[in-house]
$ cat my_file_21.txt   # compact mmCIF, N, CA and C atoms
# COMPACT_ATOMS: atom_id res chain seq x y z
N MET E 1 -15.99 -57.69 47.72
CA MET E 1 -17.08 -57.21 46.88
C MET E 1 -16.75 -55.79 46.43
N THR E 2 -16.85 -55.53 45.12
CA THR E 2 -16.53 -54.20 44.60
C THR E 2 -17.81 -53.42 44.38
N ASP E 3 -17.66 -52.11 44.50
CA ASP E 3 -18.80 -51.21 44.31
C ASP E 3 -18.76 -50.69 42.88
N THR E 4 -19.51 -51.33 41.98
CA THR E 4 -19.50 -50.92 40.57
C THR E 4 -20.25 -49.62 40.34
N ALA E 5 -21.09 -49.20 41.28
CA ALA E 5 -21.82 -47.95 41.12
C ALA E 5 -20.87 -46.75 41.18
N ALA E 6 -19.71 -46.91 41.83
CA ALA E 6 -18.76 -45.81 41.97
C ALA E 6 -17.92 -45.62 40.71
N VAL E 7 -17.87 -46.64 39.84
CA VAL E 7 -17.08 -46.56 38.63
C VAL E 7 -17.92 -45.89 37.54
N PRO E 8 -17.47 -44.72 37.03
CA PRO E 8 -18.28 -44.04 36.00
C PRO E 8 -18.26 -44.82 34.69
N VAL E 9 -19.35 -44.77 33.99
CA VAL E 9 -19.45 -45.40 32.67
C VAL E 9 -18.89 -44.40 31.65
N PRO E 10 -17.95 -44.84 30.80
CA PRO E 10 -17.42 -43.91 29.79
C PRO E 10 -18.55 -43.39 28.90
N PRO E 11 -18.54 -42.10 28.58
CA PRO E 11 -19.61 -41.54 27.75
C PRO E 11 -19.79 -42.27 26.42
N ALA E 12 -18.70 -42.75 25.83
CA ALA E 12 -18.79 -43.43 24.53
C ALA E 12 -19.62 -44.70 24.59
N THR E 13 -19.68 -45.34 25.75
CA THR E 13 -20.41 -46.61 25.88
C THR E 13 -21.68 -46.48 26.70
N ASP E 14 -22.03 -45.26 27.10
CA ASP E 14 -23.22 -45.04 27.93
C ASP E 14 -24.39 -44.64 27.04
N PRO E 15 -25.36 -45.54 26.83
CA PRO E 15 -26.49 -45.19 25.97
C PRO E 15 -27.39 -44.10 26.56
N THR E 16 -27.27 -43.84 27.86
CA THR E 16 -28.11 -42.82 28.50
C THR E 16 -27.40 -41.47 28.59
N PHE E 17 -26.18 -41.36 28.04
CA PHE E 17 -25.43 -40.10 28.13
C PHE E 17 -26.22 -38.97 27.47
N THR E 18 -26.40 -37.91 28.23
CA THR E 18 -27.06 -36.70 27.74
C THR E 18 -26.13 -35.53 27.99
N PRO E 19 -25.71 -34.82 26.94
CA PRO E 19 -24.79 -33.70 27.14
C PRO E 19 -25.48 -32.52 27.79
N PRO E 20 -24.72 -31.70 28.50
CA PRO E 20 -25.29 -30.47 29.08
C PRO E 20 -25.75 -29.51 27.99
N SER E 21 -26.58 -28.57 28.38
CA SER E 21 -27.12 -27.61 27.41
C SER E 21 -26.02 -26.71 26.85
N LEU E 22 -26.29 -26.19 25.67
CA LEU E 22 -25.35 -25.24 25.06
C LEU E 22 -25.26 -23.97 25.89
N GLY E 23 -26.33 -23.61 26.59
CA GLY E 23 -26.31 -22.42 27.44
C GLY E 23 -25.29 -22.55 28.56
N ARG E 24 -25.22 -23.71 29.19
CA ARG E 24 -24.23 -23.92 30.25
C ARG E 24 -22.81 -23.89 29.69
N ARG E 25 -22.62 -24.49 28.53
CA ARG E 25 -21.29 -24.47 27.90
C ARG E 25 -20.89 -23.04 27.56
N PHE E 26 -21.82 -22.28 26.98
CA PHE E 26 -21.53 -20.90 26.61
C PHE E 26 -21.27 -20.06 27.86
N GLY E 27 -22.05 -20.28 28.91
CA GLY E 27 -21.84 -19.57 30.17
C GLY E 27 -20.45 -19.82 30.73
N ALA E 28 -20.00 -21.07 30.67
CA ALA E 28 -18.65 -21.41 31.15
C ALA E 28 -17.59 -20.69 30.32
N LEU E 29 -17.79 -20.65 29.01
CA LEU E 29 -16.84 -19.98 28.13
C LEU E 29 -16.78 -18.48 28.42
N VAL E 30 -17.93 -17.87 28.66
CA VAL E 30 -17.96 -16.43 28.96
C VAL E 30 -17.20 -16.15 30.27
N ILE E 31 -17.44 -16.96 31.29
CA ILE E 31 -16.74 -16.79 32.57
C ILE E 31 -15.24 -16.94 32.36
N ASP E 32 -14.83 -17.99 31.63
CA ASP E 32 -13.41 -18.20 31.38
C ASP E 32 -12.81 -17.06 30.57
N TRP E 33 -13.55 -16.54 29.59
CA TRP E 33 -13.04 -15.45 28.76
C TRP E 33 -12.83 -14.19 29.59
N VAL E 34 -13.77 -13.88 30.47
CA VAL E 34 -13.62 -12.70 31.34
C VAL E 34 -12.37 -12.87 32.22
N LEU E 35 -12.18 -14.06 32.78
CA LEU E 35 -10.97 -14.31 33.58
C LEU E 35 -9.70 -14.13 32.74
N CYS E 36 -9.74 -14.60 31.51
CA CYS E 36 -8.58 -14.45 30.63
C CYS E 36 -8.30 -12.99 30.31
N LEU E 37 -9.34 -12.20 30.12
CA LEU E 37 -9.15 -10.77 29.88
C LEU E 37 -8.53 -10.09 31.10
N LEU E 38 -9.00 -10.46 32.29
CA LEU E 38 -8.45 -9.88 33.51
C LEU E 38 -6.99 -10.26 33.70
N ILE E 39 -6.66 -11.51 33.46
CA ILE E 39 -5.27 -11.97 33.61
C ILE E 39 -4.38 -11.34 32.55
N ALA E 40 -4.85 -11.31 31.30
CA ALA E 40 -4.05 -10.72 30.22
C ALA E 40 -3.81 -9.24 30.45
N ASN E 41 -4.72 -8.58 31.13
CA ASN E 41 -4.57 -7.15 31.44
C ASN E 41 -3.37 -6.89 32.34
N ILE E 42 -2.89 -7.90 33.04
CA ILE E 42 -1.72 -7.75 33.92
C ILE E 42 -0.46 -7.50 33.09
N PHE E 43 -0.34 -8.17 31.95
CA PHE E 43 0.90 -8.06 31.18
C PHE E 43 0.73 -7.47 29.77
N ALA E 44 -0.49 -7.13 29.39
CA ALA E 44 -0.73 -6.57 28.06
C ALA E 44 -2.03 -5.77 28.08
N ASP E 45 -2.30 -5.10 26.99
CA ASP E 45 -3.55 -4.37 26.83
C ASP E 45 -4.47 -5.18 25.91
N PRO E 46 -5.43 -5.94 26.48
CA PRO E 46 -6.29 -6.80 25.65
C PRO E 46 -7.11 -6.04 24.62
N VAL E 47 -7.34 -4.75 24.84
CA VAL E 47 -8.10 -3.96 23.86
C VAL E 47 -7.24 -3.69 22.63
N ARG E 48 -5.97 -3.41 22.85
CA ARG E 48 -5.06 -3.10 21.75
C ARG E 48 -4.49 -4.36 21.12
N ASP E 49 -4.12 -5.33 21.94
CA ASP E 49 -3.52 -6.58 21.47
C ASP E 49 -4.49 -7.72 21.73
N GLY E 50 -4.96 -8.36 20.68
CA GLY E 50 -5.96 -9.41 20.83
C GLY E 50 -5.40 -10.77 21.21
N TRP E 51 -4.12 -11.02 21.01
CA TRP E 51 -3.58 -12.35 21.25
C TRP E 51 -3.36 -12.71 22.71
N PRO E 52 -3.05 -11.77 23.64
CA PRO E 52 -2.78 -12.21 25.02
C PRO E 52 -3.95 -12.95 25.69
N PRO E 53 -5.20 -12.49 25.58
CA PRO E 53 -6.28 -13.26 26.21
C PRO E 53 -6.46 -14.65 25.58
N VAL E 54 -6.22 -14.75 24.28
CA VAL E 54 -6.34 -16.04 23.60
C VAL E 54 -5.27 -16.99 24.11
N LEU E 55 -4.05 -16.49 24.26
CA LEU E 55 -2.96 -17.31 24.80
C LEU E 55 -3.28 -17.76 26.23
N VAL E 56 -3.81 -16.86 27.03
CA VAL E 56 -4.19 -17.21 28.41
C VAL E 56 -5.28 -18.27 28.40
N LEU E 57 -6.25 -18.15 27.48
CA LEU E 57 -7.33 -19.15 27.38
C LEU E 57 -6.77 -20.52 27.04
N ILE E 58 -5.86 -20.58 26.09
CA ILE E 58 -5.26 -21.85 25.69
C ILE E 58 -4.51 -22.47 26.88
N LEU E 59 -3.73 -21.66 27.59
CA LEU E 59 -3.00 -22.16 28.75
C LEU E 59 -3.94 -22.57 29.88
N GLU E 60 -5.01 -21.81 30.07
CA GLU E 60 -6.01 -22.15 31.09
C GLU E 60 -6.63 -23.51 30.79
N TYR E 61 -7.00 -23.72 29.53
CA TYR E 61 -7.60 -24.99 29.15
C TYR E 61 -6.61 -26.14 29.37
N GLY E 62 -5.38 -25.95 28.94
CA GLY E 62 -4.39 -27.01 29.12
C GLY E 62 -4.21 -27.37 30.58
N PHE E 63 -4.03 -26.37 31.42
CA PHE E 63 -3.79 -26.60 32.85
C PHE E 63 -5.01 -27.17 33.55
N PHE E 64 -6.13 -26.46 33.47
CA PHE E 64 -7.31 -26.87 34.24
C PHE E 64 -7.96 -28.14 33.70
N LEU E 65 -8.10 -28.27 32.39
CA LEU E 65 -8.70 -29.50 31.86
C LEU E 65 -7.78 -30.68 32.06
N GLY E 66 -6.49 -30.44 31.86
CA GLY E 66 -5.53 -31.53 32.02
C GLY E 66 -5.46 -32.07 33.43
N LEU E 67 -5.52 -31.20 34.41
CA LEU E 67 -5.35 -31.63 35.80
C LEU E 67 -6.65 -31.82 36.57
N PHE E 68 -7.68 -31.03 36.24
CA PHE E 68 -8.90 -31.04 37.06
C PHE E 68 -10.18 -31.37 36.28
N ALA E 69 -10.09 -31.50 34.96
CA ALA E 69 -11.23 -31.79 34.08
C ALA E 69 -12.25 -30.65 34.04
N GLN E 70 -11.93 -29.50 34.62
CA GLN E 70 -12.83 -28.34 34.62
C GLN E 70 -12.02 -27.06 34.62
N THR E 71 -12.49 -26.09 33.85
CA THR E 71 -11.97 -24.74 33.97
C THR E 71 -12.77 -24.06 35.08
N PRO E 72 -12.35 -22.89 35.54
CA PRO E 72 -13.17 -22.19 36.54
C PRO E 72 -14.61 -21.95 36.06
N GLY E 73 -14.78 -21.59 34.79
CA GLY E 73 -16.13 -21.39 34.25
C GLY E 73 -16.94 -22.67 34.26
N MET E 74 -16.31 -23.78 33.95
CA MET E 74 -17.00 -25.07 33.98
C MET E 74 -17.39 -25.45 35.40
N TYR E 75 -16.54 -25.11 36.36
CA TYR E 75 -16.86 -25.39 37.76
C TYR E 75 -18.12 -24.65 38.18
N VAL E 76 -18.21 -23.37 37.80
CA VAL E 76 -19.37 -22.55 38.17
C VAL E 76 -20.65 -23.08 37.51
N THR E 77 -20.55 -23.52 36.26
CA THR E 77 -21.74 -23.99 35.53
C THR E 77 -21.97 -25.50 35.69
N ARG E 78 -21.15 -26.14 36.50
CA ARG E 78 -21.27 -27.57 36.84
C ARG E 78 -21.22 -28.49 35.62
N ILE E 79 -20.19 -28.26 34.80
CA ILE E 79 -19.90 -29.17 33.71
C ILE E 79 -18.43 -29.52 33.78
N ARG E 80 -18.02 -30.55 33.06
CA ARG E 80 -16.61 -30.93 33.04
C ARG E 80 -16.28 -31.53 31.69
N CYS E 81 -15.01 -31.60 31.39
CA CYS E 81 -14.51 -32.12 30.13
C CYS E 81 -13.82 -33.45 30.41
N LEU E 82 -14.34 -34.52 29.81
CA LEU E 82 -13.83 -35.86 30.06
C LEU E 82 -13.36 -36.51 28.77
N SER E 83 -12.59 -37.57 28.95
CA SER E 83 -12.20 -38.39 27.81
C SER E 83 -13.44 -39.14 27.32
N TRP E 84 -13.69 -39.08 26.04
CA TRP E 84 -14.85 -39.75 25.45
C TRP E 84 -14.75 -41.26 25.65
N ALA E 85 -13.56 -41.81 25.51
CA ALA E 85 -13.38 -43.26 25.54
C ALA E 85 -13.47 -43.87 26.94
N ASP E 86 -12.86 -43.19 27.94
CA ASP E 86 -12.82 -43.83 29.26
C ASP E 86 -13.42 -43.01 30.40
N GLY E 87 -13.85 -41.78 30.14
CA GLY E 87 -14.48 -40.95 31.16
C GLY E 87 -13.50 -40.32 32.14
N GLY E 88 -12.20 -40.45 31.89
CA GLY E 88 -11.19 -39.85 32.77
C GLY E 88 -10.76 -38.47 32.30
N ARG E 89 -9.72 -37.94 32.92
CA ARG E 89 -9.19 -36.63 32.50
C ARG E 89 -8.52 -36.76 31.14
N ILE E 90 -8.48 -35.64 30.42
CA ILE E 90 -7.89 -35.69 29.08
C ILE E 90 -6.38 -35.42 29.09
N GLY E 91 -5.84 -34.93 30.17
CA GLY E 91 -4.41 -34.68 30.26
C GLY E 91 -4.00 -33.32 29.72
N LEU E 92 -2.78 -32.91 30.04
CA LEU E 92 -2.29 -31.58 29.68
C LEU E 92 -2.21 -31.35 28.18
N PHE E 93 -1.62 -32.31 27.45
CA PHE E 93 -1.45 -32.11 26.01
C PHE E 93 -2.79 -31.97 25.30
N ARG E 94 -3.72 -32.88 25.57
CA ARG E 94 -5.03 -32.81 24.92
C ARG E 94 -5.81 -31.58 25.39
N GLY E 95 -5.60 -31.15 26.63
CA GLY E 95 -6.23 -29.92 27.11
C GLY E 95 -5.72 -28.71 26.34
N LEU E 96 -4.40 -28.65 26.12
CA LEU E 96 -3.82 -27.56 25.33
C LEU E 96 -4.32 -27.60 23.89
N LEU E 97 -4.33 -28.79 23.30
CA LEU E 97 -4.81 -28.92 21.93
C LEU E 97 -6.26 -28.51 21.82
N ARG E 98 -7.08 -28.89 22.79
CA ARG E 98 -8.49 -28.51 22.79
C ARG E 98 -8.62 -26.99 22.88
N GLY E 99 -7.76 -26.35 23.69
CA GLY E 99 -7.77 -24.90 23.80
C GLY E 99 -7.41 -24.22 22.49
N VAL E 100 -6.39 -24.75 21.80
CA VAL E 100 -5.99 -24.19 20.50
C VAL E 100 -7.13 -24.32 19.50
N LEU E 101 -7.74 -25.50 19.44
CA LEU E 101 -8.84 -25.71 18.50
C LEU E 101 -10.05 -24.85 18.84
N LEU E 102 -10.31 -24.68 20.13
CA LEU E 102 -11.43 -23.82 20.53
C LEU E 102 -11.14 -22.37 20.16
N ALA E 103 -9.89 -21.94 20.26
CA ALA E 103 -9.51 -20.57 19.90
C ALA E 103 -9.73 -20.32 18.41
N LEU E 104 -9.71 -21.37 17.60
CA LEU E 104 -9.97 -21.23 16.16
C LEU E 104 -11.45 -21.05 15.87
N VAL E 105 -12.32 -21.25 16.84
CA VAL E 105 -13.77 -21.04 16.82
C VAL E 105 -14.52 -22.00 15.89
N VAL E 106 -14.12 -22.13 14.66
CA VAL E 106 -14.88 -22.92 13.69
C VAL E 106 -15.12 -24.36 14.16
N PRO E 107 -14.11 -25.07 14.68
CA PRO E 107 -14.38 -26.45 15.10
C PRO E 107 -15.48 -26.56 16.15
N ALA E 108 -15.65 -25.56 16.98
CA ALA E 108 -16.66 -25.63 18.03
C ALA E 108 -18.08 -25.51 17.46
N LEU E 109 -18.21 -24.97 16.28
CA LEU E 109 -19.54 -24.74 15.70
C LEU E 109 -20.09 -25.97 14.97
N ILE E 110 -19.24 -26.95 14.69
CA ILE E 110 -19.65 -28.14 13.95
C ILE E 110 -19.80 -29.27 14.95
N MET E 111 -21.06 -29.55 15.37
CA MET E 111 -21.32 -30.51 16.44
C MET E 111 -22.02 -31.76 15.95
N ASP E 112 -21.81 -32.86 16.70
CA ASP E 112 -22.53 -34.10 16.42
C ASP E 112 -23.71 -34.22 17.37
N GLY E 113 -24.33 -35.38 17.43
CA GLY E 113 -25.50 -35.61 18.25
C GLY E 113 -25.26 -35.52 19.75
N HIS E 114 -24.00 -35.67 20.16
CA HIS E 114 -23.64 -35.56 21.58
C HIS E 114 -23.09 -34.18 21.92
N ARG E 115 -23.34 -33.23 21.03
CA ARG E 115 -22.84 -31.86 21.16
C ARG E 115 -21.30 -31.81 21.26
N ARG E 116 -20.65 -32.72 20.57
CA ARG E 116 -19.19 -32.73 20.52
C ARG E 116 -18.77 -31.98 19.27
N GLY E 117 -18.12 -30.83 19.48
CA GLY E 117 -17.60 -30.07 18.35
C GLY E 117 -16.37 -30.76 17.80
N LEU E 118 -15.85 -30.26 16.67
CA LEU E 118 -14.63 -30.85 16.10
C LEU E 118 -13.49 -30.82 17.11
N HIS E 119 -13.43 -29.76 17.94
CA HIS E 119 -12.37 -29.68 18.94
C HIS E 119 -12.49 -30.82 19.95
N ASP E 120 -13.71 -31.25 20.26
CA ASP E 120 -13.91 -32.39 21.16
C ASP E 120 -13.56 -33.70 20.45
N ARG E 121 -14.02 -33.86 19.23
CA ARG E 121 -13.76 -35.11 18.52
C ARG E 121 -12.28 -35.30 18.21
N LEU E 122 -11.59 -34.22 17.85
CA LEU E 122 -10.16 -34.34 17.54
C LEU E 122 -9.32 -34.62 18.78
N THR E 123 -9.80 -34.22 19.94
CA THR E 123 -9.05 -34.47 21.18
C THR E 123 -9.63 -35.63 21.98
N GLY E 124 -10.66 -36.29 21.46
CA GLY E 124 -11.25 -37.43 22.15
C GLY E 124 -11.91 -37.04 23.46
N SER E 125 -12.55 -35.86 23.48
CA SER E 125 -13.16 -35.37 24.71
C SER E 125 -14.65 -35.13 24.53
N VAL E 126 -15.32 -34.91 25.65
CA VAL E 126 -16.74 -34.62 25.65
C VAL E 126 -17.05 -33.78 26.88
N ILE E 127 -18.02 -32.89 26.76
CA ILE E 127 -18.48 -32.11 27.91
C ILE E 127 -19.63 -32.87 28.55
N ALA E 128 -19.55 -33.06 29.86
CA ALA E 128 -20.57 -33.81 30.60
C ALA E 128 -20.95 -33.03 31.85
N ASP E 129 -22.07 -33.41 32.44
CA ASP E 129 -22.46 -32.82 33.72
C ASP E 129 -21.43 -33.18 34.77
N ALA E 130 -21.15 -32.26 35.67
CA ALA E 130 -20.28 -32.53 36.80
C ALA E 130 -21.15 -32.95 37.98
N PRO E 131 -20.70 -33.91 38.75
CA PRO E 131 -21.49 -34.30 39.90
C PRO E 131 -21.56 -33.18 40.92
N ARG E 132 -22.67 -33.09 41.58
CA ARG E 132 -22.81 -32.09 42.62
C ARG E 132 -21.93 -32.47 43.80
N PRO E 133 -21.31 -31.48 44.44
CA PRO E 133 -20.48 -31.80 45.61
C PRO E 133 -21.33 -32.40 46.72
N ALA E 134 -20.74 -33.33 47.44
CA ALA E 134 -21.46 -33.96 48.55
C ALA E 134 -21.67 -32.95 49.67
N ARG E 135 -22.85 -32.95 50.23
CA ARG E 135 -23.15 -32.03 51.35
C ARG E 135 -22.75 -32.71 52.64
N ARG E 136 -22.23 -31.90 53.55
CA ARG E 136 -21.79 -32.44 54.84
C ARG E 136 -22.78 -32.15 55.91

$ encode --input "my_file_21.txt" --output "structure tokens"
Amino acid sequence: MTDTAAVPVPPATDPTFTPPSLGRRFGALVIDWVLCLLIANIFADPVRDGWPPVLVLILEYGFFLGLFAQTPGMYVTRIRCLSWADGGRIGLFRGLLRGVLLALVVPALIMDGHRRGLHDRLTGSVIADAPRPARR
């Protein structure tokens, strides 16, 4: 007997899917941006050179979304980035592409009814609530 309750329903086929608030998404982005500024400060001057924090953000998105479905900011705000079609991780390449598109800013401002910006639609991703960790 299989436990179908443990298998997540892909967001694309879940009629009850409700995206997290824009406030939580923005909060995650602010946390990630501050981390990128701190990291970029190690090898460049983010005040003088604007590209190092952006590069760090793109790499952060590729690594963390590709492998863990969450950036550090997303972990704190309890959201995650999933594949729209199957609800799994988006992988390194799509994570990097999503980071590049997010760095362009404009795609993130054009959203559909599921709060999927162009960067989400072009990479086949969606932001969803992250499950709360199990208490021991």

$ closest_atom_pairs --input "my_file_21.txt" --of "range 46-118 of chain E" --to "range 129-136 of chain E" --cutoff "6.5 Å" --atoms "all atoms listed in the file" --output "JSON lines"
{"residue": "E:Arg78", "atom": "C", "partner": "E:Ala130", "partner_atom": "N", "distance": 3.8}
{"residue": "E:Ile79", "atom": "CA", "partner": "E:Ala130", "partner_atom": "N", "distance": 3.9}
{"residue": "E:Arg80", "atom": "N", "partner": "E:Ala130", "partner_atom": "N", "distance": 4.4}

$ write_last_selection --input "my_file_21.txt" --atoms "N, CA and C atoms" --output "PDB file, in the coordinates of the input"
ATOM      1  N   ARG E  78     -21.150 -26.140  36.500  1.00  0.00           N
ATOM      2  CA  ARG E  78     -21.270 -27.570  36.840  1.00  0.00           C
ATOM      3  C   ARG E  78     -21.220 -28.490  35.620  1.00  0.00           C
ATOM      4  N   ILE E  79     -20.190 -28.260  34.800  1.00  0.00           N
ATOM      5  CA  ILE E  79     -19.900 -29.170  33.710  1.00  0.00           C
ATOM      6  C   ILE E  79     -18.430 -29.520  33.780  1.00  0.00           C
ATOM      7  N   ARG E  80     -18.020 -30.550  33.060  1.00  0.00           N
ATOM      8  CA  ARG E  80     -16.610 -30.930  33.040  1.00  0.00           C
ATOM      9  C   ARG E  80     -16.280 -31.530  31.690  1.00  0.00           C
TER      10      ARG E  80
END

$ residues_around --input "my_file_21.txt" --residues "Leu67 in chain E" --least-positions-apart "6" --cutoff "7 Å" --atoms "all atoms listed in the file" --output "PyMOL selection string"
chain E and resi 89-92

$ residues_around --input "my_file_21.txt" --residues "Pro19 in chain E" --least-positions-apart "2" --cutoff "6 Å" --atoms "all atoms listed in the file" --output "short mmCIF file (atom, residue, chain, number, x, y, z; two decimals) with N, CA and C atoms, in the frame of the given file"
data_model
loop_
_atom_site.label_atom_id
_atom_site.label_comp_id
_atom_site.auth_asym_id
_atom_site.auth_seq_id
_atom_site.Cartn_x
_atom_site.Cartn_y
_atom_site.Cartn_z
N PHE E 17 -26.18 -41.36 28.04
CA PHE E 17 -25.43 -40.10 28.13
C PHE E 17 -26.22 -38.97 27.47
N SER E 21 -26.58 -28.57 28.38
CA SER E 21 -27.12 -27.61 27.41
C SER E 21 -26.02 -26.71 26.85
N HIS E 114 -24.00 -35.67 20.16
CA HIS E 114 -23.64 -35.56 21.58
C HIS E 114 -23.09 -34.18 21.92
N ILE E 127 -18.02 -32.89 26.76
CA ILE E 127 -18.48 -32.11 27.91
C ILE E 127 -19.63 -32.87 28.55
N ALA E 128 -19.55 -33.06 29.86
CA ALA E 128 -20.57 -33.81 30.60
C ALA E 128 -20.95 -33.03 31.85
N ASP E 129 -22.07 -33.41 32.44
CA ASP E 129 -22.46 -32.82 33.72
C ASP E 129 -21.43 -33.18 34.77
#

$ residues_around --input "my_file_21.txt" --residues "Leu109 in chain E" --least-positions-apart "5" --cutoff "7 Å" --atoms "only N, CA and C atoms" --output "PyMOL selection string"
chain E and resi 117-119

$ residues_around --input "my_file_21.txt" --residues "range 95-102 of chain E" --least-positions-apart "2" --cutoff "7 Å" --atoms "all atoms listed in the file" --output "NGL selection string"
:E and (57-63 or 65-66 or 90-93 or 104-108 or 119-120 or 123)

$ select_by_dssp --input "my_file_21.txt" --residues "chain E" --states "strand (DSSP E or B)" --output "VMD selection string"
chain E and resid 79 to 83 111 117 125 to 129

$ select_by_dssp --input "my_file_21.txt" --residues "chain E" --states "helix (DSSP H, G or I)" --output "number ranges by chain"
E: 4-6, 11-13, 22-43, 51-68, 72-77, 91-103, 106-109, 118-123

$ axis_aligned_box --input "my_file_21.txt" --around "range 109-122 of chain E" --padding-each-side "4 Å" --output "lines of an AutoDock Vina configuration file"
center_x = -17.4
center_y = -30.2
center_z = 17.9
size_x = 24.2
size_y = 18.9
size_z = 16.0

$ residues_near_point --input "my_file_21.txt" --point "(-17.0, -43.9, 29.0)" --cutoff "6.5 Å" --atoms "only N, CA and C atoms" --output "PyMOL selection string"
chain E and resi 8-14+83-87

$ atom_distance --input "my_file_21.txt" --atom1 "CA of Leu29 in chain E" --atom2 "CA of Gly73 in chain E"
6.3 Å

$ atom_distance --input "my_file_21.txt" --atom1 "atom C of Arg25 in chain E" --atom2 "atom C of Val47 in chain E"
24.2 Å

$ atom_distance --input "my_file_21.txt" --atom1 "CA of Ile39 in chain E" --atom2 "atom N of Leu55 in chain E"
10.5 Å

$ closest_residue --input "my_file_21.txt" --among "E:Gly113, E:Pro53, E:Pro46, E:Gly88" --to "Trp33 in chain E" --atoms "only C-alpha atoms"
E:Pro53

$ closest_residue --input "my_file_21.txt" --among "E:Ala28, E:Ile110, E:Thr18, E:Val54" --to "Pro72 in chain E" --atoms "all atoms listed in the file"
E:Ala28

$ closest_residue --input "my_file_21.txt" --among "E:Ala103, E:Cys81, E:Leu22, E:Ile42" --to "Ala69 in chain E" --atoms "only C-alpha atoms"
E:Cys81
